[in-house]
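Asker: Please read through the structure below; I'll follow up with questions.
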Number of protein chains: 2
Amino acid sequence: MNDFSAAQRSRVTMLDVAEHAKVSKASVSRFIGDDRALLSDAIAQRIEQAIAELGYRPNQMARGLKRGRTRLIGMLVADIRNPYSIAVMHGVETACRQHGYSLVVCNTDRDDEQERQHLALLRSYNIEGLIVNTLGHHRDELHELHREMPLVLVDRKVEHLESDMVGLNNPQAIDMALNHLEERGYCDVLLVTEPLDGTSSRIERVSSFKAQIEQRPALRGTHIETGSELTAQLKSFLDTPGPGPKALFCANGIAALASTHALRELKCNLFDDVGLIALDDLDWYPLVGSGITALAQPTTEMGASAFECLLKRLRGDDGAVRTLDFSAQLIVRGSTRGNLR
Amino acid sequence: MNDFSAAQRSRVTMLDVAEHAKVSKASVSRFIGDDRALLSDAIAQRIEQAIAELGYRPNQMARGLKRGRTRLIGMLVADIRNPYSIAVMHGVETACRQHGYSLVVCNTDRDDEQERQHLALLRSYNIEGLIVNTLGHHRDELHELHREMPLVLVDRKVEHLESDMVGLNNPQAIDMALNHLEERGYCDVLLVTEPLDGTSSRIERVSSFKAQIEQRPALRGTHIETGSELTAQLKSFLDTPGPGPKALFCANGIAALASTHALRELKCNLFDDVGLIALDDLDWYPLVGSGITALAQPTTEMGASAFECLLKRLRGDDGAVRTLDFSAQLIVRGSTRGNLR
DNA sequence: CTGTTAGCGCCTTCAG
DNA sequence: CTGAAGGCGCTAACAG
């Protein structure tokens, strides 16, 4: 087996190609780049053949060094095990590839220090743009980066950072959920969210919820956060007599998972004892009890949009900051059938 | 807003630091690298301060270009939406970061052509090592890459490619599953797998299954693949009288998802009509019916091991090819309670 | 159209 | 211990 610690040096370089084809490096460079129009057919063919024979691959690092274009996009993700993030990332990756970019993903595990490090790291690799799906503390670093490259926020805002962002139209989604619950005869709604923790989308959802509940005399609304107390809190919600049929509204997939767990611990009959509607649409929603009604986010599309925002900026667009709000889609399943006993 | 298409050029470079600290670039370079022992305290401090004042970050691209070390690891994933892959990737990423490496992830969406492109791409970025979790067609490319850098296969082998690999001890896992089913009184086991498609781990699981069924007179075993016929095939399995209580054995999380879907379509009473044990342990397993019994893979650990294999090779280890087989862990839930009606 | 000449930012001999 | 000089692989003016 080879000694990789010293390897690399053997790779075929532009000079090799040039010599093999008996042309100058510049011509090879032109062939590689978009300047092929400036080459005679004869020479182009010689180069093409030399490249094929030698198995030459241009070194992106070197190109990047020279041109300042690495074709690398960075993405900062708070929690790589959150299906929502994965889905968005999938959209981003696909769009990247279609445009000849590659994606470097950094998972912060919700840790601020890791966010710092990753930010520094991405910068050191000369990424051309950054997609951020974390809390975005380290405002200074972020600002500095944003001076050097375009930036787009996904699902969460960062205060005092003027950048494009793509996310869900939260008020609209809340409206859809409450309309649906109301239609199905639920009166007493408990919003379950992950701890707010300064996450803008969570905060928005809670405040929209509160505001809209105010406007709907038929509904009563309360809200809690996931955590070790969740089961007890749900029990108390279910046991306390209310104005009528009860339903949970889970603010994302993680909350839905936790809530369903808790309901099972409470020996609830899913979902005859209590209704449930959840943001995000995970593949197991149909399998639980009578199936969980969902408000699906167009995650792939959102990821693609995030990349396209970046691309526009990279192409020189310096227009006003854009905010893209996507609409959720209601997918009705058994958990909001409404015929509660 | 700035013009990013032209930007970059403004970043502070090693020369800036050198001038600011009134030393030579070489000294700054030594400071950055591990040669700090060769610097006087006085000069080191001047440099340190200059770096801080200017907010200097070494350019990894340039370093990589010169030294052939990019601190970049590539990972090729067949399906980024498969929770197993994500879990492994999370392990890899964490290990990478702990050792100062970064991870470039490429998702092939199970497409051979994309695998090709991504392979070429990763090479062009001078990654130092590669983790492969795809079918690994394009043997030539892979061989060529493997001459240049260490390679480790995850969960699947590639014929004629002598490289380290980490995966599950499949025969052992099958043994655990069958033991458990037998203990619980099931006699008629249907293995549900994704289409084999040349995926070595799937093939291994099926052949282990067949071989071990032979050895167990108390069990009857058959197997099918997921696909549009799945529901019909399950129905036929359930309707055909057999030697005794029936159980499904899903060969991975995807198969478990599909099978559970199908069982619901068939109006099965989960899991009183039929038992179920599944490889992988997804977070929703406890939520379905009486809960799905799982054989969990130590995914994080497997990812970390994959990276450590790479690291050893990078550090010069040229010993024999290693194969790391991890053990699954049985997690018993309601789906194999066994008291079938 | 084609080749020559400088570097991009950094590391690494090789002399002081 | 420190600095000067050359080059990693590639691109971008310049000249022909």
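FYI, nothing fancy with the structure tokens labels: chains A, B, ... in order, residues from 1 per chain, ligands from 1 as they appear.
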Can you pull out the residues contacting DG9 of chain D? Cut-off 8 Å, using only C-alpha atoms (C1' of nucleotides), and skip same-chain residues under 3 positions away; I want them as a PyMOL selection string.
Answerer: (chain A and resi 13-14+59+62-63) or (chain B and resi 65)
Asker: Show me a table, sorted first by chain and then by increasing residue number, of the residues of chain C having an atom at most 7 Å from chain A, each with its shortest atom pair and the distance in Å to one decimal, counting only C-alpha atoms (C1' of nucleotides) and written as JSON lines.
Answerer:
{"residue": "C:DC1", "atom": "C1'", "partner": "A:Leu39", "partner_atom": "CA", "distance": 6.1}
{"residue": "C:DG3", "atom": "C1'", "partner": "A:Ser24", "partner_atom": "CA", "distance": 6.2}
{"residue": "C:DC8", "atom": "C1'", "partner": "A:Lys66", "partner_atom": "CA", "distance": 4.4}
Asker: Write a file of the just-selected residues containing N, CA, C and O atoms (P, O5', C5', C4', C3', O3' and C1' of nucleotides), as a tab-separated table (two decimals), in the first residue's frame.
Answerer:
chain	number	residue	atom	x	y	z
C	1	DC	P	-10.03	32.62	-34.22
C	1	DC	O5'	-8.68	31.90	-33.89
C	1	DC	C5'	-8.27	31.25	-32.68
C	1	DC	C4'	-6.80	31.31	-32.86
C	1	DC	C3'	-6.01	30.62	-31.74
C	1	DC	O3'	-5.07	29.75	-32.34
C	1	DC	C1'	-5.25	32.85	-32.05
C	3	DG	P	1.20	27.91	-28.23
C	3	DG	O5'	2.18	28.93	-27.51
C	3	DG	C5'	3.23	29.52	-28.26
C	3	DG	C4'	3.83	30.68	-27.51
C	3	DG	C3'	4.42	30.32	-26.14
C	3	DG	O3'	5.71	30.92	-26.05
C	3	DG	C1'	2.92	32.13	-25.92
C	8	DC	P	0.48	38.77	-5.75
C	8	DC	O5'	-0.72	37.73	-5.60
C	8	DC	C5'	-2.04	38.07	-5.96
C	8	DC	C4'	-2.92	36.86	-5.74
C	8	DC	C3'	-2.75	36.23	-4.37
C	8	DC	O3'	-3.90	36.57	-3.57
C	8	DC	C1'	-2.62	34.56	-6.14
Asker: Where in segment 14-152 of chain B does DSSP assign helix (DSSP H, G or I), given as a compact mmCIF listing (two decimals) with N, CA and C atoms, in the first residue's frame?
Answerer:
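File produced: result19.txt:
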# COMPACT_ATOMS: atom_id res chain seq x y z
N MET B 14 -0.87 37.13 4.65
CA MET B 14 0.31 36.92 5.47
C MET B 14 1.29 38.08 5.34
N LEU B 15 1.34 38.64 4.17
CA LEU B 15 2.25 39.77 3.95
C LEU B 15 1.84 40.95 4.82
N ASP B 16 0.55 41.20 4.89
CA ASP B 16 0.06 42.28 5.73
C ASP B 16 0.52 42.10 7.17
N VAL B 17 0.37 40.89 7.63
CA VAL B 17 0.78 40.61 9.01
C VAL B 17 2.27 40.84 9.17
N ALA B 18 3.04 40.33 8.23
CA ALA B 18 4.49 40.46 8.30
C ALA B 18 4.89 41.93 8.38
N GLU B 19 4.31 42.73 7.51
CA GLU B 19 4.66 44.15 7.50
C GLU B 19 4.24 44.82 8.79
N HIS B 20 3.04 44.51 9.21
CA HIS B 20 2.51 45.09 10.43
C HIS B 20 3.40 44.76 11.62
N ALA B 21 3.92 43.53 11.64
CA ALA B 21 4.74 43.10 12.77
C ALA B 21 6.23 43.37 12.52
N LYS B 25 7.72 37.25 6.04
CA LYS B 25 6.62 36.30 5.85
C LYS B 25 6.98 34.95 6.44
N ALA B 26 8.24 34.58 6.29
CA ALA B 26 8.67 33.27 6.79
C ALA B 26 8.37 33.13 8.27
N SER B 27 8.62 34.17 9.01
CA SER B 27 8.38 34.09 10.45
C SER B 27 6.89 33.92 10.73
N VAL B 28 6.10 34.66 10.01
CA VAL B 28 4.66 34.51 10.20
C VAL B 28 4.26 33.09 9.88
N SER B 29 4.78 32.58 8.80
CA SER B 29 4.48 31.22 8.41
C SER B 29 4.85 30.24 9.51
N ARG B 30 6.01 30.44 10.09
CA ARG B 30 6.44 29.56 11.18
C ARG B 30 5.50 29.68 12.36
N PHE B 31 5.05 30.88 12.59
CA PHE B 31 4.13 31.08 13.70
C PHE B 31 2.82 30.31 13.46
N ILE B 32 2.33 30.42 12.26
CA ILE B 32 1.09 29.74 11.89
C ILE B 32 1.23 28.23 12.00
N ASP B 35 6.03 25.31 13.75
CA ASP B 35 7.44 25.61 13.98
C ASP B 35 7.64 26.74 14.99
N ARG B 36 6.67 26.91 15.84
CA ARG B 36 6.77 28.07 16.73
C ARG B 36 8.00 27.96 17.65
N ALA B 37 8.51 26.74 17.81
CA ALA B 37 9.70 26.55 18.64
C ALA B 37 10.89 27.31 18.08
N LEU B 38 10.84 27.54 16.79
CA LEU B 38 11.98 28.21 16.15
C LEU B 38 11.88 29.73 16.21
N ASP B 41 10.60 34.63 21.57
CA ASP B 41 9.36 35.08 22.20
C ASP B 41 8.97 36.47 21.71
N ALA B 42 9.98 37.31 21.59
CA ALA B 42 9.70 38.69 21.21
C ALA B 42 8.96 38.73 19.88
N ILE B 43 9.51 38.04 18.92
CA ILE B 43 8.95 38.10 17.57
C ILE B 43 7.59 37.39 17.53
N ALA B 44 7.51 36.31 18.28
CA ALA B 44 6.24 35.58 18.32
C ALA B 44 5.13 36.48 18.84
N GLN B 45 5.46 37.22 19.85
CA GLN B 45 4.42 38.11 20.41
C GLN B 45 4.02 39.21 19.44
N ARG B 46 5.00 39.76 18.77
CA ARG B 46 4.66 40.80 17.79
C ARG B 46 3.72 40.23 16.73
N ILE B 47 4.04 39.04 16.31
CA ILE B 47 3.21 38.41 15.28
C ILE B 47 1.80 38.14 15.82
N GLU B 48 1.78 37.58 17.00
CA GLU B 48 0.49 37.25 17.60
C GLU B 48 -0.40 38.49 17.65
N GLN B 49 0.20 39.57 18.04
CA GLN B 49 -0.57 40.81 18.17
C GLN B 49 -1.03 41.31 16.80
N ALA B 50 -0.14 41.25 15.86
CA ALA B 50 -0.49 41.70 14.51
C ALA B 50 -1.66 40.88 13.96
N ILE B 51 -1.59 39.60 14.19
CA ILE B 51 -2.66 38.73 13.71
C ILE B 51 -3.99 39.13 14.34
N ALA B 52 -3.93 39.36 15.65
CA ALA B 52 -5.14 39.74 16.35
C ALA B 52 -5.67 41.07 15.83
N GLU B 53 -4.80 42.04 15.68
CA GLU B 53 -5.23 43.37 15.26
C GLU B 53 -5.82 43.37 13.87
N LEU B 54 -5.22 42.58 13.02
CA LEU B 54 -5.67 42.57 11.63
C LEU B 54 -6.78 41.54 11.39
N GLN B 60 -6.51 28.51 3.75
CA GLN B 60 -6.29 27.07 3.64
C GLN B 60 -6.02 26.62 2.21
N MET B 61 -6.62 27.31 1.27
CA MET B 61 -6.42 26.93 -0.12
C MET B 61 -4.94 27.06 -0.47
N ALA B 62 -4.38 28.17 -0.09
CA ALA B 62 -2.98 28.42 -0.42
C ALA B 62 -2.08 27.42 0.32
N ARG B 63 -2.41 27.18 1.58
CA ARG B 63 -1.61 26.21 2.34
C ARG B 63 -1.70 24.85 1.66
N GLY B 64 -2.91 24.49 1.31
CA GLY B 64 -3.11 23.20 0.68
C GLY B 64 -2.33 23.10 -0.62
N LEU B 65 -2.35 24.16 -1.36
CA LEU B 65 -1.67 24.16 -2.65
C LEU B 65 -0.19 23.87 -2.45
N LYS B 66 0.37 24.49 -1.45
CA LYS B 66 1.80 24.35 -1.23
C LYS B 66 2.16 23.01 -0.61
N ARG B 67 1.42 22.64 0.42
CA ARG B 67 1.84 21.47 1.16
C ARG B 67 1.15 20.18 0.74
N PRO B 83 -31.80 8.02 7.26
CA PRO B 83 -31.35 8.36 8.61
C PRO B 83 -30.06 7.64 9.00
N TYR B 84 -29.88 6.45 8.49
CA TYR B 84 -28.65 5.72 8.78
C TYR B 84 -27.44 6.51 8.29
N SER B 85 -27.53 6.96 7.06
CA SER B 85 -26.41 7.71 6.50
C SER B 85 -26.14 8.98 7.29
N ILE B 86 -27.19 9.66 7.65
CA ILE B 86 -27.04 10.88 8.43
C ILE B 86 -26.35 10.60 9.74
N ALA B 87 -26.78 9.53 10.39
CA ALA B 87 -26.21 9.22 11.69
C ALA B 87 -24.72 8.92 11.56
N VAL B 88 -24.36 8.16 10.56
CA VAL B 88 -22.95 7.87 10.35
C VAL B 88 -22.20 9.16 10.04
N MET B 89 -22.77 9.94 9.17
CA MET B 89 -22.15 11.19 8.78
C MET B 89 -21.92 12.10 9.99
N HIS B 90 -22.86 12.08 10.89
CA HIS B 90 -22.70 12.87 12.09
C HIS B 90 -21.48 12.41 12.88
N GLY B 91 -21.31 11.11 12.97
CA GLY B 91 -20.13 10.57 13.64
C GLY B 91 -18.85 10.98 12.93
N VAL B 92 -18.87 10.90 11.63
CA VAL B 92 -17.69 11.27 10.85
C VAL B 92 -17.36 12.75 11.07
N GLU B 93 -18.37 13.56 10.96
CA GLU B 93 -18.15 15.00 11.06
C GLU B 93 -17.55 15.37 12.41
N THR B 94 -18.10 14.79 13.45
CA THR B 94 -17.59 15.09 14.78
C THR B 94 -16.12 14.69 14.92
N ALA B 95 -15.80 13.50 14.45
CA ALA B 95 -14.42 13.04 14.53
C ALA B 95 -13.51 13.93 13.69
N CYS B 96 -13.98 14.30 12.53
CA CYS B 96 -13.20 15.20 11.66
C CYS B 96 -12.83 16.47 12.41
N ARG B 97 -13.83 17.08 12.96
CA ARG B 97 -13.60 18.37 13.60
C ARG B 97 -12.62 18.23 14.75
N GLN B 98 -12.77 17.15 15.50
CA GLN B 98 -11.87 16.96 16.64
C GLN B 98 -10.41 16.87 16.21
N ASP B 112 -25.65 6.83 -10.52
CA ASP B 112 -24.28 6.51 -10.87
C ASP B 112 -23.55 7.67 -11.51
N GLU B 113 -24.24 8.39 -12.35
CA GLU B 113 -23.59 9.50 -13.03
C GLU B 113 -23.18 10.57 -12.03
N GLN B 114 -24.05 10.82 -11.08
CA GLN B 114 -23.69 11.79 -10.04
C GLN B 114 -22.52 11.29 -9.21
N GLU B 115 -22.45 10.00 -9.04
CA GLU B 115 -21.31 9.47 -8.30
C GLU B 115 -20.02 9.81 -9.04
N ARG B 116 -20.04 9.61 -10.32
CA ARG B 116 -18.88 9.95 -11.17
C ARG B 116 -18.45 11.39 -10.97
N GLN B 117 -19.43 12.26 -11.17
CA GLN B 117 -19.14 13.69 -11.10
C GLN B 117 -18.58 14.08 -9.75
N HIS B 118 -19.21 13.56 -8.72
CA HIS B 118 -18.77 13.93 -7.39
C HIS B 118 -17.38 13.43 -7.09
N LEU B 119 -17.09 12.25 -7.61
CA LEU B 119 -15.76 11.69 -7.43
C LEU B 119 -14.72 12.63 -8.04
N ALA B 120 -15.00 13.04 -9.26
CA ALA B 120 -14.07 13.94 -9.95
C ALA B 120 -13.94 15.24 -9.17
N LEU B 121 -15.06 15.71 -8.72
CA LEU B 121 -15.08 16.96 -7.99
C LEU B 121 -14.24 16.90 -6.73
N LEU B 122 -14.46 15.87 -5.96
CA LEU B 122 -13.73 15.75 -4.71
C LEU B 122 -12.23 15.71 -4.98
N ARG B 123 -11.89 15.02 -6.04
CA ARG B 123 -10.49 14.95 -6.38
C ARG B 123 -9.95 16.34 -6.70
N SER B 124 -10.73 17.09 -7.41
CA SER B 124 -10.26 18.41 -7.81
C SER B 124 -10.08 19.34 -6.63
N ARG B 139 -15.44 1.74 -11.04
CA ARG B 139 -14.31 1.13 -10.35
C ARG B 139 -13.00 1.82 -10.70
N ASP B 140 -12.89 2.23 -11.96
CA ASP B 140 -11.63 2.84 -12.38
C ASP B 140 -11.34 4.10 -11.58
N GLU B 141 -12.32 4.97 -11.56
CA GLU B 141 -12.16 6.23 -10.82
C GLU B 141 -11.76 5.94 -9.38
N LEU B 142 -12.46 4.99 -8.81
CA LEU B 142 -12.25 4.67 -7.41
C LEU B 142 -10.84 4.14 -7.18
N HIS B 143 -10.41 3.27 -8.08
CA HIS B 143 -9.06 2.74 -7.96
C HIS B 143 -8.03 3.85 -8.05
N GLU B 144 -8.25 4.69 -9.03
CA GLU B 144 -7.31 5.78 -9.25
C GLU B 144 -7.23 6.65 -8.00
N LEU B 145 -8.40 6.98 -7.49
CA LEU B 145 -8.44 7.77 -6.26
C LEU B 145 -7.73 7.06 -5.13
N HIS B 146 -7.95 5.77 -5.07
CA HIS B 146 -7.37 5.03 -3.96
C HIS B 146 -5.86 4.95 -4.06
N ARG B 147 -5.35 5.17 -5.25
CA ARG B 147 -3.89 5.23 -5.36
C ARG B 147 -3.38 6.53 -4.78
N GLU B 148 -4.23 7.54 -4.84
CA GLU B 148 -3.78 8.86 -4.38
C GLU B 148 -4.07 9.11 -2.91
Asker: Among the residues of segment 239-270 of chain A, find those DSSP assigns to strand (DSSP E) from the backbone and print them as a list in words.
Answerer: Lys246, Ala247, Leu248, Phe249 and Cys250 of chain A
Asker: Could you write those residues out with N, CA and C atoms, as a short mmCIF file (atom, residue, chain, number, x, y, z; two decimals), in the first residue's frame?
Answerer:
data_model
loop_
_atom_site.label_atom_id
_atom_site.label_comp_id
_atom_site.auth_asym_id
_atom_site.auth_seq_id
_atom_site.Cartn_x
_atom_site.Cartn_y
_atom_site.Cartn_z
N LYS A 246 -60.08 19.00 22.86
CA LYS A 246 -58.71 19.50 22.98
C LYS A 246 -57.86 19.02 21.80
N ALA A 247 -56.90 19.87 21.45
CA ALA A 247 -55.94 19.47 20.42
C ALA A 247 -54.57 20.04 20.74
N LEU A 248 -53.55 19.30 20.32
CA LEU A 248 -52.18 19.81 20.40
C LEU A 248 -51.81 20.39 19.04
N PHE A 249 -50.98 21.41 19.10
CA PHE A 249 -50.43 21.97 17.88
C PHE A 249 -48.92 21.98 18.07
N CYS A 250 -48.22 21.07 17.38
CA CYS A 250 -46.78 20.97 17.56
C CYS A 250 -46.07 21.87 16.56
#
Asker: Using only C-alpha atoms (C1' of nucleotides), find which residues of chain D lie within 9 Å of chain A and jot them down as a list in words.
Answerer: DC8, DG9, DC10 and DT11 of chain D
Asker: Could you check the closest approach to chain B for each of A:Gly227, A:Gly291, A:Gly136, A:Gly303 and tell me which residue wins, using only C-alpha atoms?
Answerer: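 That would be A:Gly291, the residue with the smallest distance to chain B.
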Asker: Could you check how far atom CA of Leu263 of chain A sits from atom CA of Leu168 of chain A, in Å to one decimal?
Answerer: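 Going from atom CA of Leu263 of chain A over to atom CA of Leu168 of chain A covers 27.3 Å.
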Asker: For the interface of segment 261-310 of chain B with segment 171-190 of chain B (cut-off 9 Å, counting only C-alpha atoms), please tabulate each contacting residue of segment 261-310 of chain B alongside its nearest pair of atoms and their separation in Å to one decimal, rows sorted by chain and increasing number, as CSV.
Answerer:
residue,atom,partner,partner_atom,distance
B:Gly275,CA,B:Tyr186,CA,7.7
B:Leu276,CA,B:Leu181,CA,8.9
B:Ile277,CA,B:Ala177,CA,7.2
B:Ala278,CA,B:Ala177,CA,8.5
B:Leu279,CA,B:Ala173,CA,8.3
B:Ala294,CA,B:Ala177,CA,8.9
B:Leu295,CA,B:Ala173,CA,7.3
Asker: In Å, with one decimal, what is the gap from atom CA of Glu204 of chain B to atom CA of Arg264 of chain B?
Answerer: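 Interatomic distance, atom CA of Glu204 of chain B to atom CA of Arg264 of chain B: 28.7 Å.
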Asker: Restricting the calculation to only C-alpha atoms: of B:Leu191, B:Ile131, B:Val332, B:Ala320, which residue gets closest to chain A?
Answerer: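 Result for the nearest residue to chain A: B:Ala320.
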Asker: With a distance cut-off of 12 Å and only C-alpha atoms (C1' of nucleotides), select the neighbouring residues of DT13 of chain C, excluding the residue or stretch itself and same-chain residues fewer than 6 positions from it, and output the selection as a ChimeraX atom specification.
Answerer: /B:26 /D:4-7
Asker: Could you tell me how far atom CA of Thr222 of chain B sits from atom CA of Ala296 of chain B, in Å to one decimal place?
Answerer: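 Atom CA of Thr222 of chain B lies 22.7 Å from atom CA of Ala296 of chain B.
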Asker: Let me make sure I understand: among A:Asp34, A:Asp283, A:Glu159, A:Glu301, which one has the smallest atom-to-atom distance to chain B if we use only C-alpha atoms?
Answerer: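 Closest to chain B of all the choices is A:Asp283.
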Asker: Tell me which protein, DNA and RNA residues are within 7 Å of Val321 of chain B, counting only C-alpha atoms (C1' of nucleotides), leaving out same-chain ones fewer than 2 positions away, and put them as JSON, numbers by chain.
Answerer: {"B": [162, 163, 164, 319, 323]}
Asker: In terms of the shortest atom-to-atom distance over only C-alpha atoms, which of B:Lys22, B:Arg337, B:His223, B:Arg315 is closest to chain A?
Answerer: B:Arg315
